[in-house]
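Below: protein14.csv (CSV, C-alpha atoms (C1' of nucleotides))
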chain,number,residue,atom,x,y,z
A,74,MET,CA,6.8,37.6,-5.8
A,75,ALA,CA,8.1,36.5,-2.4
A,76,THR,CA,5.3,38.6,-0.9
A,77,THR,CA,2.8,36.8,-3.0
A,78,THR,CA,3.9,33.4,-1.9
A,79,ARG,CA,4.0,34.5,1.7
A,80,THR,CA,0.4,35.8,1.4
A,81,ALA,CA,-0.7,32.5,0.0
A,82,GLU,CA,1.1,30.8,2.8
A,83,ARG,CA,-0.6,32.9,5.4
A,84,ALA,CA,-4.0,32.3,3.9
A,85,ARG,CA,-3.3,28.6,4.0
A,86,VAL,CA,-2.7,28.8,7.7
A,87,THR,CA,-5.7,30.9,8.1
A,88,TYR,CA,-8.2,28.9,6.1
A,89,PHE,CA,-7.4,25.3,7.2
A,90,PRO,CA,-8.6,25.5,10.8
A,91,GLN,CA,-11.9,26.7,9.6
A,92,LEU,CA,-12.5,23.5,7.7
A,93,ALA,CA,-14.5,21.1,9.8
A,94,ALA,CA,-12.3,18.4,11.3
A,95,GLU,CA,-14.6,15.8,9.6
A,96,ARG,CA,-12.6,15.3,6.5
A,97,LEU,CA,-9.4,16.7,7.6
A,98,ASP,CA,-8.0,13.3,8.6
A,99,ILE,CA,-8.5,12.0,5.1
A,100,ALA,CA,-7.2,15.1,3.5
A,101,LEU,CA,-4.1,14.8,5.6
A,102,CYS,CA,-3.6,11.1,5.0
A,103,ARG,CA,-3.9,11.8,1.3
A,104,ALA,CA,-1.4,14.7,1.6
A,105,SER,CA,1.0,12.5,3.5
A,106,ALA,CA,1.2,10.4,0.4
A,107,ALA,CA,3.1,13.4,-1.1
A,108,VAL,CA,5.7,13.0,1.6
A,109,ALA,CA,6.1,9.4,0.8
A,110,ARG,CA,6.2,10.1,-3.0
A,111,ALA,CA,8.8,12.8,-2.7
A,112,ALA,CA,11.0,10.6,-0.5
A,113,ASP,CA,10.6,7.7,-2.9
A,114,ALA,CA,11.5,9.9,-5.9
A,115,ARG,CA,14.6,11.0,-4.2
A,116,ALA,CA,15.5,7.5,-3.1
A,117,THR,CA,15.0,6.3,-6.6
A,118,GLU,CA,17.3,9.0,-7.9
A,119,GLU,CA,20.0,7.6,-5.6
A,120,GLY,CA,19.5,4.2,-7.1
A,121,LEU,CA,17.5,2.3,-4.5
A,122,GLY,CA,13.7,3.0,-4.3
A,123,VAL,CA,11.9,2.7,-1.1
A,124,GLY,CA,10.2,-0.5,-2.2
A,125,GLN,CA,13.6,-2.1,-3.1
A,126,HIS,CA,15.0,-1.0,0.2
A,127,LEU,CA,12.2,-2.5,2.1
A,128,VAL,CA,12.6,-5.8,0.3
A,129,LEU,CA,16.3,-6.0,0.9
A,130,GLN,CA,15.7,-5.1,4.6
A,131,MET,CA,13.1,-7.8,5.0
A,132,LEU,CA,15.2,-10.5,3.2
A,133,ASP,CA,18.2,-9.6,5.3
A,134,ALA,CA,16.1,-9.8,8.5
A,135,VAL,CA,14.0,-12.8,8.0
A,136,GLY,CA,15.8,-14.8,5.2
A,137,PRO,CA,14.4,-16.0,1.8
A,138,CYS,CA,10.8,-15.3,1.1
A,139,SER,CA,8.3,-15.7,-1.6
A,140,GLN,CA,7.2,-12.6,-3.5
A,141,GLN,CA,3.7,-13.2,-2.1
A,142,THR,CA,5.0,-13.0,1.5
A,143,LEU,CA,7.0,-9.9,0.7
A,144,SER,CA,4.1,-8.1,-0.9
A,145,GLU,CA,1.8,-9.0,2.0
A,146,GLU,CA,4.3,-7.9,4.7
A,147,LEU,CA,5.4,-4.7,2.9
A,148,ARG,CA,1.9,-3.7,1.7
A,149,ILE,CA,3.2,-3.7,-1.9
A,150,ASP,CA,0.8,-5.0,-4.5
A,151,ARG,CA,1.8,-8.4,-6.0
A,152,SER,CA,1.9,-7.0,-9.5
A,153,VAL,CA,4.2,-4.2,-8.4
A,154,MET,CA,6.4,-6.6,-6.5
A,155,VAL,CA,7.2,-8.3,-9.8
A,156,SER,CA,9.1,-5.3,-11.2
A,157,VAL,CA,10.6,-4.5,-7.8
A,158,CYS,CA,12.2,-7.9,-7.8
A,159,ASP,CA,13.0,-7.7,-11.5
A,160,ASP,CA,15.1,-4.6,-10.8
A,161,LEU,CA,16.8,-6.0,-7.7
A,162,GLU,CA,17.6,-9.2,-9.6
A,163,GLN,CA,19.0,-7.3,-12.6
A,164,ALA,CA,21.2,-5.3,-10.2
A,165,GLY,CA,22.4,-8.6,-8.7
A,166,HIS,CA,21.0,-7.8,-5.3
A,167,VAL,CA,18.7,-10.8,-5.1
A,168,ARG,CA,18.4,-14.2,-6.6
A,169,ARG,CA,15.2,-15.8,-7.7
A,170,GLU,CA,15.1,-19.6,-7.3
A,171,ARG,CA,12.1,-21.8,-7.6
A,172,ASN,CA,11.1,-23.1,-4.2
A,173,PRO,CA,11.6,-26.9,-4.5
A,174,ARG,CA,8.8,-27.6,-2.1
A,175,ASP,CA,6.3,-25.4,-4.0
A,176,ARG,CA,7.4,-24.7,-7.5
A,177,ARG,CA,4.7,-22.1,-8.0
A,178,SER,CA,6.6,-19.7,-5.8
A,179,TYR,CA,10.1,-18.3,-5.8
A,180,ALA,CA,12.5,-18.2,-3.0
A,181,VAL,CA,13.8,-14.7,-3.2
A,182,THR,CA,17.3,-14.5,-1.6
A,183,ILE,CA,19.5,-11.5,-0.8
A,184,THR,CA,23.0,-11.7,-2.3
A,185,ASP,CA,26.3,-10.4,-0.9
A,186,SER,CA,25.9,-7.5,-3.3
A,187,GLY,CA,22.5,-6.9,-1.9
A,188,ARG,CA,23.8,-6.8,1.6
A,189,ARG,CA,26.5,-4.4,0.6
A,190,ARG,CA,24.0,-2.1,-1.1
A,191,LEU,CA,21.8,-2.3,2.0
A,192,ALA,CA,24.7,-1.3,4.2
A,193,GLU,CA,25.4,1.7,1.8
A,194,ALA,CA,21.8,2.7,1.9
A,195,GLN,CA,21.7,2.7,5.7
A,196,THR,CA,24.4,5.4,5.7
A,197,SER,CA,23.0,7.5,2.8
A,198,ILE,CA,19.3,7.3,3.7
A,199,PRO,CA,19.1,9.1,7.1
A,200,ALA,CA,20.1,12.4,5.5
A,201,PHE,CA,17.1,12.8,3.3
A,202,LEU,CA,14.8,11.1,5.8
A,203,GLU,CA,15.9,13.8,8.1
A,204,ASP,CA,15.0,16.2,5.3
A,205,ALA,CA,11.5,14.7,4.7
A,206,PHE,CA,10.5,14.6,8.3
A,207,HIS,CA,12.4,17.6,9.6
A,208,PRO,CA,9.3,19.4,10.9
A,209,LEU,CA,8.9,16.7,13.5
A,210,THR,CA,11.1,16.0,16.5
A,211,PRO,CA,12.4,12.4,16.8
A,212,GLU,CA,9.8,11.8,19.5
A,213,GLU,CA,7.0,13.0,17.3
A,214,ARG,CA,8.2,10.8,14.5
A,215,GLY,CA,7.9,7.8,16.8
A,216,GLN,CA,4.4,8.8,17.7
A,217,LEU,CA,3.5,9.2,14.0
A,218,SER,CA,4.9,5.8,13.2
A,219,ALA,CA,3.0,4.3,16.1
A,220,LEU,CA,-0.3,5.9,15.2
A,221,LEU,CA,-0.1,5.0,11.5
A,222,GLY,CA,1.0,1.5,12.4
A,223,LYS,CA,-2.0,1.2,14.7
A,224,LEU,CA,-4.3,2.6,12.1
A,225,LEU,CA,-3.0,0.0,9.6
A,226,GLY,CA,-3.2,-2.9,12.1
A,227,ILE,CA,0.5,-3.4,12.4
A,228,GLY,CA,2.3,-4.4,15.5
A,229,SER,CA,0.4,-5.5,18.6
B,202,MET,CA,-8.7,-20.7,4.0
B,203,ALA,CA,-9.7,-18.6,7.0
B,204,THR,CA,-6.7,-20.2,8.8
B,205,THR,CA,-4.4,-19.2,5.9
B,206,THR,CA,-5.5,-15.6,6.2
B,207,ARG,CA,-5.0,-15.7,9.9
B,208,THR,CA,-1.6,-17.1,9.5
B,209,ALA,CA,-0.6,-14.4,7.1
B,210,GLU,CA,-2.0,-11.9,9.6
B,211,ARG,CA,0.1,-13.3,12.4
B,212,ALA,CA,3.2,-13.3,10.2
B,213,ARG,CA,2.5,-9.7,9.3
B,214,VAL,CA,2.5,-8.7,12.9
B,215,THR,CA,5.6,-10.8,13.5
B,216,TYR,CA,7.8,-9.5,10.7
B,217,PHE,CA,7.2,-5.8,10.7
B,218,PRO,CA,8.8,-4.9,14.0
B,219,GLN,CA,12.0,-6.6,12.8
B,220,LEU,CA,12.4,-4.0,10.0
B,221,ALA,CA,14.6,-1.2,11.0
B,222,ALA,CA,12.6,1.9,11.8
B,223,GLU,CA,14.7,3.7,9.2
B,224,ARG,CA,12.2,3.4,6.4
B,225,LEU,CA,9.2,2.5,8.3
B,226,ASP,CA,8.0,6.1,8.5
B,227,ILE,CA,7.9,6.3,4.7
B,228,ALA,CA,6.4,2.9,4.3
B,229,LEU,CA,3.6,3.9,6.7
B,230,CYS,CA,3.1,7.3,5.0
B,231,ARG,CA,2.8,5.4,1.8
B,232,ALA,CA,0.4,2.9,3.3
B,233,SER,CA,-1.7,5.7,4.8
B,234,ALA,CA,-2.4,6.8,1.3
B,235,ALA,CA,-4.3,3.6,0.8
B,236,VAL,CA,-6.6,4.6,3.7
B,237,ALA,CA,-7.2,7.9,2.0
B,238,ARG,CA,-7.8,6.2,-1.3
B,239,ALA,CA,-10.2,3.7,0.1
B,240,ALA,CA,-12.2,6.4,1.9
B,241,ASP,CA,-12.2,8.5,-1.2
B,242,ALA,CA,-13.5,5.6,-3.3
B,243,ARG,CA,-16.3,5.0,-0.8
B,244,ALA,CA,-17.1,8.6,-0.7
B,245,THR,CA,-17.2,8.8,-4.4
B,246,GLU,CA,-19.6,5.9,-4.5
B,247,GLU,CA,-22.0,7.8,-2.3
B,248,GLY,CA,-21.8,10.6,-4.8
B,249,LEU,CA,-19.5,13.2,-3.2
B,250,GLY,CA,-15.8,12.6,-3.4
B,251,VAL,CA,-13.4,13.9,-0.7
B,252,GLY,CA,-12.1,16.5,-3.0
B,253,GLN,CA,-15.5,17.8,-3.8
B,254,HIS,CA,-16.5,17.8,-0.2
B,255,LEU,CA,-13.4,19.8,0.8
B,256,VAL,CA,-14.2,22.3,-1.9
B,257,LEU,CA,-17.8,22.8,-0.8
B,258,GLN,CA,-16.6,23.0,2.8
B,259,MET,CA,-14.1,25.7,2.0
B,260,LEU,CA,-16.5,27.7,-0.2
B,261,ASP,CA,-19.1,27.5,2.5
B,262,ALA,CA,-16.6,28.6,5.1
B,263,VAL,CA,-14.7,31.4,3.4
B,264,GLY,CA,-16.9,32.5,0.4
B,265,PRO,CA,-16.1,32.6,-3.3
B,266,CYS,CA,-12.6,31.6,-4.3
B,267,SER,CA,-10.6,31.1,-7.4
B,268,GLN,CA,-9.6,27.6,-8.4
B,269,GLN,CA,-6.1,28.6,-7.7
B,270,THR,CA,-6.8,29.5,-4.1
B,271,LEU,CA,-8.8,26.3,-3.7
B,272,SER,CA,-6.1,24.1,-5.0
B,273,GLU,CA,-3.4,25.8,-2.9
B,274,GLU,CA,-5.4,25.6,0.3
B,275,LEU,CA,-6.6,22.0,-0.2
B,276,ARG,CA,-3.4,20.6,-1.6
B,277,ILE,CA,-5.2,19.5,-4.7
B,278,ASP,CA,-3.3,19.9,-8.0
B,279,ARG,CA,-4.6,22.7,-10.2
B,280,SER,CA,-5.2,20.3,-13.1
B,281,VAL,CA,-7.2,18.0,-10.8
B,282,MET,CA,-9.2,20.9,-9.5
B,283,VAL,CA,-10.5,21.6,-13.0
B,284,SER,CA,-12.4,18.3,-13.1
B,285,VAL,CA,-13.5,18.5,-9.4
B,286,CYS,CA,-15.1,21.9,-10.2
B,287,ASP,CA,-16.5,20.5,-13.5
B,288,ASP,CA,-18.3,17.8,-11.6
B,289,LEU,CA,-19.6,20.2,-8.9
B,290,GLU,CA,-20.7,22.6,-11.5
B,291,GLN,CA,-22.5,20.0,-13.5
B,292,ALA,CA,-24.3,18.8,-10.4
B,293,GLY,CA,-25.3,22.4,-9.7
B,294,HIS,CA,-23.5,22.6,-6.4
B,295,VAL,CA,-21.2,25.5,-7.5
B,296,ARG,CA,-21.3,28.3,-10.0
B,297,ARG,CA,-18.3,29.5,-12.0
B,298,GLU,CA,-18.3,33.2,-12.9
B,299,ARG,CA,-15.4,35.1,-14.3
B,300,ASN,CA,-14.0,37.4,-11.7
B,301,PRO,CA,-14.8,40.9,-13.1
B,302,ARG,CA,-11.7,42.2,-11.3
B,303,ASP,CA,-9.4,39.6,-12.9
B,304,ARG,CA,-10.9,37.8,-15.8
B,305,ARG,CA,-8.2,35.2,-15.8
B,306,SER,CA,-9.7,33.7,-12.8
B,307,TYR,CA,-13.1,32.3,-11.9
B,308,ALA,CA,-15.0,33.1,-8.8
B,309,VAL,CA,-16.3,29.8,-7.7
B,310,THR,CA,-19.4,30.1,-5.6
B,311,ILE,CA,-21.4,27.6,-3.7
B,312,THR,CA,-25.1,27.4,-4.5
B,313,ASP,CA,-28.0,26.6,-2.3
B,314,SER,CA,-28.0,23.1,-3.8
B,315,GLY,CA,-24.3,22.8,-2.8
B,316,ARG,CA,-25.1,23.9,0.7
B,317,ARG,CA,-27.9,21.3,1.0
B,318,ARG,CA,-25.6,18.6,-0.4
B,319,LEU,CA,-22.9,19.7,2.2
B,320,ALA,CA,-25.4,19.4,5.0
B,321,GLU,CA,-26.4,15.9,3.8
B,322,ALA,CA,-22.8,14.9,3.6
B,323,GLN,CA,-22.2,16.1,7.2
B,324,THR,CA,-24.7,13.5,8.3
B,325,SER,CA,-23.8,10.6,6.1
B,326,ILE,CA,-20.0,10.9,6.3
B,327,PRO,CA,-19.2,10.2,9.9
B,328,ALA,CA,-20.3,6.6,9.5
B,329,PHE,CA,-17.5,5.5,7.2
B,330,LEU,CA,-15.0,7.9,8.6
B,331,GLU,CA,-15.6,5.9,11.8
B,332,ASP,CA,-15.0,2.8,9.8
B,333,ALA,CA,-11.8,4.0,8.1
B,334,PHE,CA,-10.3,5.2,11.4
B,335,HIS,CA,-11.9,2.8,13.8
B,336,PRO,CA,-8.5,1.4,15.1
B,337,LEU,CA,-7.9,4.8,16.6
B,338,THR,CA,-9.6,6.4,19.5
B,339,PRO,CA,-10.9,9.9,18.9
B,340,GLU,CA,-8.0,11.3,20.9
B,341,GLU,CA,-5.5,9.4,18.8
B,342,ARG,CA,-7.2,10.7,15.6
B,343,GLY,CA,-6.6,14.2,16.9
B,344,GLN,CA,-2.9,13.4,17.6
B,345,LEU,CA,-2.6,11.9,14.1
B,346,SER,CA,-4.2,15.0,12.5
B,347,ALA,CA,-1.9,17.3,14.5
B,348,LEU,CA,1.2,15.4,13.6
B,349,LEU,CA,0.4,15.1,9.9
B,350,GLY,CA,-0.5,18.8,9.9
B,351,LYS,CA,2.8,19.7,11.5
B,352,LEU,CA,4.6,17.5,9.1
B,353,LEU,CA,3.0,19.3,6.2
B,354,GLY,CA,3.4,22.7,7.7
B,355,ILE,CA,-0.3,23.4,8.3
B,356,GLY,CA,-1.6,25.2,11.3
B,357,SER,CA,0.2,27.1,14.0
C,21,DG,C1',-5.3,-41.9,-8.7
C,22,DG,C1',-8.4,-38.0,-10.5
C,23,DC,C1',-10.9,-33.8,-10.5
C,24,DA,C1',-12.2,-29.2,-8.5
C,25,DA,C1',-10.6,-25.3,-6.1
C,26,DA,C1',-7.0,-22.4,-4.5
C,27,DT,C1',-2.4,-20.2,-4.9
C,28,DC,C1',1.9,-18.0,-7.1
C,29,DG,C1',3.9,-15.1,-10.4
C,30,DT,C1',2.9,-12.5,-14.4
C,31,DT,C1',0.6,-9.6,-17.9
C,32,DT,C1',-2.9,-6.5,-19.4
C,33,DG,C1',-6.1,-2.6,-19.1
C,34,DA,C1',-8.4,1.1,-16.6
C,35,DC,C1',-7.9,5.0,-13.9
C,36,DA,C1',-6.2,8.8,-10.7
C,37,DG,C1',-2.8,12.1,-9.8
C,38,DA,C1',1.5,15.0,-11.1
C,39,DA,C1',4.3,17.5,-14.4
C,40,DG,C1',4.8,20.3,-18.3
C,41,DA,C1',3.1,23.1,-22.2
C,42,DT,C1',-0.5,26.4,-24.0
C,43,DG,C1',-3.7,30.4,-24.5
C,44,DA,C1',-6.0,34.2,-22.4
C,45,DT,C1',-5.4,37.9,-19.4
C,46,DT,C1',-3.2,41.0,-16.1
C,47,DT,C1',0.6,43.5,-13.9
C,48,DG,C1',4.9,45.9,-13.9
C,49,DT,C1',8.4,48.9,-16.1
C,50,DG,C1',10.3,52.0,-19.1
D,300,DC,C1',1.2,53.5,-24.5
D,301,DA,C1',4.1,49.2,-25.4
D,302,DC,C1',6.3,45.2,-24.2
D,303,DA,C1',8.1,41.7,-21.0
D,304,DA,C1',6.9,38.8,-17.2
D,305,DA,C1',3.7,36.7,-14.3
D,306,DT,C1',-0.8,34.4,-13.4
D,307,DC,C1',-5.1,31.5,-14.1
D,308,DA,C1',-7.5,27.8,-16.0
D,309,DT,C1',-7.0,24.1,-19.2
D,310,DC,C1',-5.1,20.3,-21.9
D,311,DT,C1',-1.9,16.7,-22.8
D,312,DT,C1',1.4,13.3,-21.4
D,313,DC,C1',3.4,10.4,-18.2
D,314,DT,C1',3.8,7.6,-14.0
D,315,DG,C1',2.1,4.6,-10.4
D,316,DT,C1',-1.7,1.8,-8.5
D,317,DC,C1',-5.2,-1.4,-8.6
D,318,DA,C1',-8.4,-5.1,-10.6
D,319,DA,C1',-9.1,-8.9,-13.4
D,320,DA,C1',-7.5,-12.7,-16.1
D,321,DC,C1',-4.1,-16.3,-17.3
D,322,DG,C1',-0.8,-20.4,-17.1
D,323,DA,C1',1.6,-23.4,-14.0
D,324,DT,C1',1.4,-25.7,-9.8
D,325,DT,C1',-0.4,-27.4,-5.5
D,326,DT,C1',-4.0,-28.9,-2.2
D,327,DG,C1',-8.3,-30.9,-0.7
D,328,DC,C1',-11.7,-34.3,-1.4
D,329,DC,C1',-13.8,-38.4,-3.4
In structure tokens, how does this file's structure come out?
Amino acid sequence: MATTTRTAERARVTYFPQLAAERLDIALCRASAAVARAADARATEEGLGVGQHLVLQMLDAVGPCSQQTLSEELRIDRSVMVSVCDDLEQAGHVRRERNPRDRRSYAVTITDSGRRRLAEAQTSIPAFLEDAFHPLTPEERGQLSALLGKLLGIGS
Amino acid sequence: MATTTRTAERARVTYFPQLAAERLDIALCRASAAVARAADARATEEGLGVGQHLVLQMLDAVGPCSQQTLSEELRIDRSVMVSVCDDLEQAGHVRRERNPRDRRSYAVTITDSGRRRLAEAQTSIPAFLEDAFHPLTPEERGQLSALLGKLLGIGS
DNA sequence: GGCAAATCGTTTGACAGAAGATGATTTGTG
DNA sequence: CACAAATCATCTTCTGTCAAACGATTTGCC
């Protein structure tokens, strides 16, 4: 059985380079979603999904925001942001108050509980990040971040 | 309205670097899925989805394969491969014959029609690939492919 | 002030992809 | 040969994402 797997593995390495580079970019981008998905699943298991983590980070860094701003900055759909904030609010990590200057929007604010949870996450996260990205050296991870960021129009 | 969008755009560029790099990798991987999704949507509009294109490319390059092999190589789930092959078969681009040596599996074979379609795609595709990846130089695209490939354990 | 258009948060529905179960067939072992 | 385990394609179910529509509110324009 191990041999079977290894055969498939070898074939995989053999075939791929033969595919024209034309579509390889897209196939890889698509496949990289699997990395994000796996990491997200594991993070959710540990009680703080990637989306929630990003929201807490941003609130901690820049102060109260509307859900609109959060979803634009973090590239999370508005309708998804609703449940992300629902969960965070239910866990007591954020408060939702109507913005008095524009009562259409909320002012989402991180709580002390949220800050503590964020601090916890900062210690527990690196381990499985290391796991998810272990094929790459730290330098390569930086390059990857930079390239994807540029592709998405983020940062200078 | 244009100004609003531009403001949001500026904010986006402003906020992101403030987020710790911790989770940025994952956020970017997740976001890159959107690039793949958009490209796939557009390719599907033109009548040949990315999955279908990859299958035709691989069949053309390495000859008849089982769906199992195709899905392993191309990182497309088996259950998804079913409908990809269904569509290609219905369009007459591939044939499915039972493999006489192992009648559990199909021998999926590209047809002349499939080869013609593939040739067409090779000319119509580059335009919107260019569009999807235009923020990157050709060299950077190569780096991105290489990094994602390494992350996913493909090649070398 | 008053009306049209835009915005924010939310809900709903459509749809793709992933996981798990199933049936047919093959392989391995006694 | 017979039976257990593995494999291939398929089907069903579940989850996550996106688009469109809605009520509440604000903004722009007269």
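Across the model, the gap from CA of Gly354 (chain B) to CA of Ala240 (chain B) is 23.3 Å.
Using all atoms listed in the file, the contacts of DA44 (chain C) at a cut-off of 10 Å, with sequence neighbours closer than 6 positions omitted, comprise Arg304 and Arg305 of chain B; DC307 and DA308 of chain D.
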- Message: Give me, as a list in words, the residues of chain B touching chain D, with the criterion being at most 9 Å (counting only C-alpha atoms (C1' of nucleotides)).
- Response: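 Close enough to count are Ser267, Gln268, Gln269, Arg279, Ser280, Val283, Arg304, Arg305, Ser306 and Tyr307 of chain B.
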- Query: Could you list, as a PyMOL selection string, every residue of chain B that has an atom within 12 Å of an atom of chain C, counting only C-alpha atoms (C1' of nucleotides)?
  - Reply: chain B and resi 202+205+238+241-242+276-282+284+299-306
Would you kindly return, as a compact mmCIF listing (two decimals) with C-alpha atoms, in the frame of the given file, each protein, DNA or RNA residue with an atom no farther than 9 Å from any atom of Leu348 (chain B), considering all atoms listed in the file and excluding same-chain residues fewer than 3 positions away?
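Okay, this is what ended up in around06.txt:
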# COMPACT_ATOMS: atom_id res chain seq x y z
CA LEU A 209 8.90 16.70 13.50
CA GLU A 213 7.00 13.00 17.30
CA ARG A 214 8.20 10.80 14.50
CA GLN A 216 4.40 8.80 17.70
CA LEU A 217 3.50 9.20 14.00
CA GLY B 343 -6.60 14.20 16.90
CA GLN B 344 -2.90 13.40 17.60
CA LEU B 345 -2.60 11.90 14.10
CA LYS B 351 2.80 19.70 11.50
CA LEU B 352 4.60 17.50 9.10
CA LEU B 353 3.00 19.30 6.20
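Take the candidates B:Asp313, B:Glu321, B:Glu273, B:Asp287 and check each one against chain A using all atoms listed in the file; the shortest distance goes to B:Glu273.
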- Message: To one decimal place in Å, what is the distance between CA of Glu212 (chain A) and CA of Arg188 (chain A)?
- Response: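 Result for CA of Glu212 (chain A) versus CA of Arg188 (chain A): 29.4 Å, one decimal.
Excluding Thr184 (chain A) itself and any same-chain residue fewer than 6 positions from it, the protein and nucleic acid residues within 9 Å of it, counting only C-alpha atoms (C1' of nucleotides), are Gly165, His166, Val167 and Arg168 of chain A.
Note that the spacing between CA of Ala192 (chain A) and CA of Ser218 (chain A) amounts to 22.9 Å.
Comparing B:Ala308, B:Leu319, B:Ala237, B:Leu289 by their smallest distance to chain A, the closest is B:Ala237 (using all atoms listed in the file).
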- Message: For a cutoff of 12 Å around the file-coordinate point (17.6, 8.5, 3.6), which residues qualify once you count all atoms listed in the file? I'd like the result as an NGL selection string.
- Response: (:A and (109 or 111-123 or 126 or 191 or 193-206)) or (:B and (222-227))
Atoms to include: C-alpha atoms. Write the selected residues as a compact mmCIF listing (two decimals), keeping the file's coordinate frame.
# COMPACT_ATOMS: atom_id res chain seq x y z
CA ALA A 109 6.10 9.40 0.80
CA ALA A 111 8.80 12.80 -2.70
CA ALA A 112 11.00 10.60 -0.50
CA ASP A 113 10.60 7.70 -2.90
CA ALA A 114 11.50 9.90 -5.90
CA ARG A 115 14.60 11.00 -4.20
CA ALA A 116 15.50 7.50 -3.10
CA THR A 117 15.00 6.30 -6.60
CA GLU A 118 17.30 9.00 -7.90
CA GLU A 119 20.00 7.60 -5.60
CA GLY A 120 19.50 4.20 -7.10
CA LEU A 121 17.50 2.30 -4.50
CA GLY A 122 13.70 3.00 -4.30
CA VAL A 123 11.90 2.70 -1.10
CA HIS A 126 15.00 -1.00 0.20
CA LEU A 191 21.80 -2.30 2.00
CA GLU A 193 25.40 1.70 1.80
CA ALA A 194 21.80 2.70 1.90
CA GLN A 195 21.70 2.70 5.70
CA THR A 196 24.40 5.40 5.70
CA SER A 197 23.00 7.50 2.80
CA ILE A 198 19.30 7.30 3.70
CA PRO A 199 19.10 9.10 7.10
CA ALA A 200 20.10 12.40 5.50
CA PHE A 201 17.10 12.80 3.30
CA LEU A 202 14.80 11.10 5.80
CA GLU A 203 15.90 13.80 8.10
CA ASP A 204 15.00 16.20 5.30
CA ALA A 205 11.50 14.70 4.70
CA PHE A 206 10.50 14.60 8.30
CA ALA B 222 12.60 1.90 11.80
CA GLU B 223 14.70 3.70 9.20
CA ARG B 224 12.20 3.40 6.40
CA LEU B 225 9.20 2.50 8.30
CA ASP B 226 8.00 6.10 8.50
CA ILE B 227 7.90 6.30 4.70
